[in-house]
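Worksheet: the structure to be examined is printed underneath.
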Amino acid sequence: MKAIVLVGGEGTRLRPLTYTTPKPLLPIANVAFLERQLSWLARHGVDEVVLSLGYLPDAFVDHFPSGRFGDVKLTYAVEDEPLGTAGGIRFAAEQGGIDDRFVVCNGDVLTALDLTEMVRFHDERGAEATIHLCPVDDPSAFGVVPTLATGEVVAFVEKPSAGHAPTNWINAGTYVLEPAVLERIPPRLTVSIERDTFPRMLDRPGALFALQRDVYWIDIGTPEMYVEAQRDVLTGCIGLPPVDGATELAPGVWQQGGVSVAATARVEPPTLLGTGSDVGAGALVSGSVLGRDCVVEPGARVVRSIVLERARVASGAEALDAVVGSEAVLEADASVRDLTVVGAATVVPSGSRFSGARVPLQVAQP
């Protein structure tokens, strides 16, 4: 079975991290998000994936130089200009030679959806397209999708006012499509499958269905959700070990490869220590992920934060509910907190204080 993964977006809400790394290649518990998604697809019988690319396409080719991920063959479909979700799907299908039923998923959604069940649901109804729906507490910020008892979609309601939504089930960004859907998409035009293609399919009864499943689902596209996804993986919310080959040093504390942790350091769960990470004496690491070759010096604090590979948190510095980019440095007594995002190779000077900030790819000023 073939799949298309939409990975062409710029990831603006995760800047400055995404200035240098496309959002799908950012790590979730020290594994590139896209690798987690490809593993999920492979477990459900997908053996060929077309990556629909736009922003920083060479990064994907460099990440998968063999054009494969395990047993999954990869094809790259690079758009010259953005074509929207529907336009991107049609272009990717043409580039990948897709002429049979296929799966589409957004490249920023981490989910425990049973894709095998979804494909079976689609086949049993003879659907032209099937959408996964998940419930949300407040649907007013989303487009909701009412259905019949059979699962057939009857309407799309965009951002209903509070208390007036016909349902709280929203489009979760995973689709099973027949090639006939591609014929509904104009070639080489910017078209949204969610706002244009799917609503127009309602003119043919029995064409469009939705599978309602309340399973783990998160969009990693904001700093808050990016940090939350890391914790969810570490605490087993999606039913997977944090990293293949990781060993559990203590309940909820994992080590990936050789890691140096001082005897007087405090490491509290859930935490993943990446290969070669060095935690200094008296440092506190709690509910966090440290990437490969990170350094947390004596007396530093890293709490509910993501510190990417080769970053350094100097003595007395702290990262509290923050994301620290690869090779970045928090100098002595610097503080980043409240979903501050520090870009790759950025130096945060000694004594600086940032809260809810985006610290760019340059020497930061206090």
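Chain labels follow the order of the structure tokens: the first chain is A, the next B, and so on; residue numbering restarts at 1 in every chain, and ligands are counted from 1 in their shown order.
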
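Residues in contact with Pro22 of chain A at up to 7 Å, not including ones fewer than 5 positions away on its chain and judged by only C-alpha atoms, are Glu10, Gly11 and Leu56 of chain A.
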
| request: Please report, as a VMD selection string, each residue of segment 42-260 of chain A to which DSSP assigns alpha helix (DSSP H) when run on this structure's backbone. | output: chain A and resid 42 to 43 57 to 63 84 to 96 115 to 125 179 to 183 198 to 201 223 to 234

| task | Mind listing the strand (DSSP E) residues of segment 306-352 of chain A, per DSSP on the backbone, as a PyMOL selection string? | result | chain A and resi 306-307+312-313+318-320+323-324+329-330+335-337+341-342+347-348

For C-alpha atoms, I'd like the residues from the last selection saved as a short mmCIF file (atom, residue, chain, number, x, y, z; two decimals), in the first residue's frame.
data_model
loop_
_atom_site.label_atom_id
_atom_site.label_comp_id
_atom_site.auth_asym_id
_atom_site.auth_seq_id
_atom_site.Cartn_x
_atom_site.Cartn_y
_atom_site.Cartn_z
CA ILE A 306 13.54 19.79 25.34
CA VAL A 307 17.27 20.32 24.87
CA ARG A 312 24.81 23.28 26.59
CA VAL A 313 23.10 24.58 29.73
CA GLU A 318 17.75 27.12 33.70
CA ALA A 319 15.35 25.90 31.01
CA LEU A 320 11.82 25.67 32.40
CA VAL A 323 12.88 24.26 23.87
CA VAL A 324 16.62 24.75 23.36
CA VAL A 329 24.19 27.66 24.65
CA LEU A 330 22.53 28.99 27.77
CA SER A 335 16.95 31.67 32.14
CA VAL A 336 14.51 30.61 29.42
CA ARG A 337 11.00 29.61 30.45
CA VAL A 341 12.13 28.60 21.91
CA VAL A 342 15.87 29.08 21.44
CA VAL A 347 23.99 31.93 22.47
CA VAL A 348 21.84 33.26 25.32
#

| message | Report, in Å with one decimal, the straight-line distance from atom CA of Ala59 of chain A to atom CA of Leu34 of chain A. | response |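 Straight-line distance from atom CA of Ala59 of chain A to atom CA of Leu34 of chain A works out to 12.1 Å.
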
| field | Counting only C-alpha atoms, the residue of A:Ala77, A:Val104, A:Ile89, A:Ala332 that sits nearest Leu41 of chain A | value |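 Going through A:Ala77, A:Val104, A:Ile89, A:Ala332 one by one, the smallest distance to Leu41 of chain A is for A:Val104.
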
| To one decimal place, how far is atom CA of Leu182 of chain A from atom CA of Glu117 of chain A in Å? |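 Result for atom CA of Leu182 of chain A versus atom CA of Glu117 of chain A: 23.1 Å, one decimal.
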
Distance query segment 110-116 of chain A at most 8 Å, only C-alpha atoms, self and fewer than 5 positions along chain excluded, as a short mmCIF file (atom, residue, chain, number, x, y, z; two decimals) with N, CA and C atoms, in the first residue's frame:
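Ended up saving to part.cif:
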data_model
loop_
_atom_site.label_atom_id
_atom_site.label_comp_id
_atom_site.auth_asym_id
_atom_site.auth_seq_id
_atom_site.Cartn_x
_atom_site.Cartn_y
_atom_site.Cartn_z
N GLN A 37 6.47 8.68 12.24
CA GLN A 37 5.30 8.55 11.38
C GLN A 37 5.48 7.44 10.34
N LEU A 41 3.20 4.04 9.75
CA LEU A 41 2.65 3.63 8.46
C LEU A 41 3.09 2.21 8.11
N HIS A 44 1.27 -0.70 9.53
CA HIS A 44 -0.05 -0.94 8.96
C HIS A 44 0.01 -1.28 7.47
N GLY A 45 1.16 -1.76 7.02
CA GLY A 45 1.24 -2.31 5.68
C GLY A 45 1.64 -1.36 4.58
N ARG A 213 -12.86 7.94 15.86
CA ARG A 213 -12.09 7.17 16.83
C ARG A 213 -11.41 8.13 17.81
N VAL A 215 -8.76 8.31 19.80
CA VAL A 215 -7.45 7.74 20.09
C VAL A 215 -6.45 8.89 20.27
N TYR A 216 -5.27 8.54 20.75
CA TYR A 216 -4.24 9.58 20.93
C TYR A 216 -4.00 10.30 19.61
N TRP A 217 -3.98 11.65 19.69
CA TRP A 217 -3.78 12.49 18.50
C TRP A 217 -3.27 13.84 18.96
N ILE A 218 -2.20 14.30 18.33
CA ILE A 218 -1.68 15.63 18.67
C ILE A 218 -1.00 16.23 17.45
N ASP A 219 -1.21 17.51 17.26
CA ASP A 219 -0.54 18.30 16.22
C ASP A 219 0.67 18.95 16.87
N ILE A 220 1.88 18.59 16.41
CA ILE A 220 3.10 19.06 17.07
C ILE A 220 3.51 20.46 16.64
N ALA A 229 4.08 16.55 23.25
CA ALA A 229 4.26 15.29 22.53
C ALA A 229 5.45 14.51 23.07
N ILE A 238 1.17 6.86 23.76
CA ILE A 238 0.88 6.30 22.44
C ILE A 238 1.33 4.85 22.34
N GLY A 239 1.67 4.25 23.47
CA GLY A 239 1.93 2.82 23.50
C GLY A 239 3.24 2.38 22.90
#

Using only C-alpha atoms, find each residue of segment 26-53 of chain A with at least one atom at most 12 Å away from an atom of segment 264-279 of chain A; report its shortest atom-to-atom pair and that distance in Å (one decimal), sort the rows by chain and rising residue number, and return the result as a tab-separated table.
residue	atom	partner	partner_atom	distance
A:Pro27	CA	A:Gly274	CA	11.6
A:Ile28	CA	A:Leu272	CA	10.7
A:Ala29	CA	A:Leu272	CA	7.0
A:Asn30	CA	A:Gly274	CA	7.1
A:Val31	CA	A:Gly274	CA	10.4

Export, as a compact mmCIF listing (two decimals), in the first residue's frame, the selected residues with N, CA and C atoms.
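Once written, part21.txt looks like this:
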# COMPACT_ATOMS: atom_id res chain seq x y z
N PRO A 27 13.10 16.34 16.32
CA PRO A 27 12.99 15.08 17.07
C PRO A 27 11.85 15.10 18.08
N ILE A 28 11.22 13.94 18.22
CA ILE A 28 10.29 13.67 19.31
C ILE A 28 10.92 12.57 20.14
N ALA A 29 11.36 12.90 21.35
CA ALA A 29 12.10 11.95 22.19
C ALA A 29 13.28 11.36 21.42
N ASN A 30 14.04 12.27 20.82
CA ASN A 30 15.31 11.94 20.15
C ASN A 30 15.16 11.09 18.90
N VAL A 31 13.96 11.02 18.35
CA VAL A 31 13.73 10.36 17.06
C VAL A 31 13.01 11.36 16.17
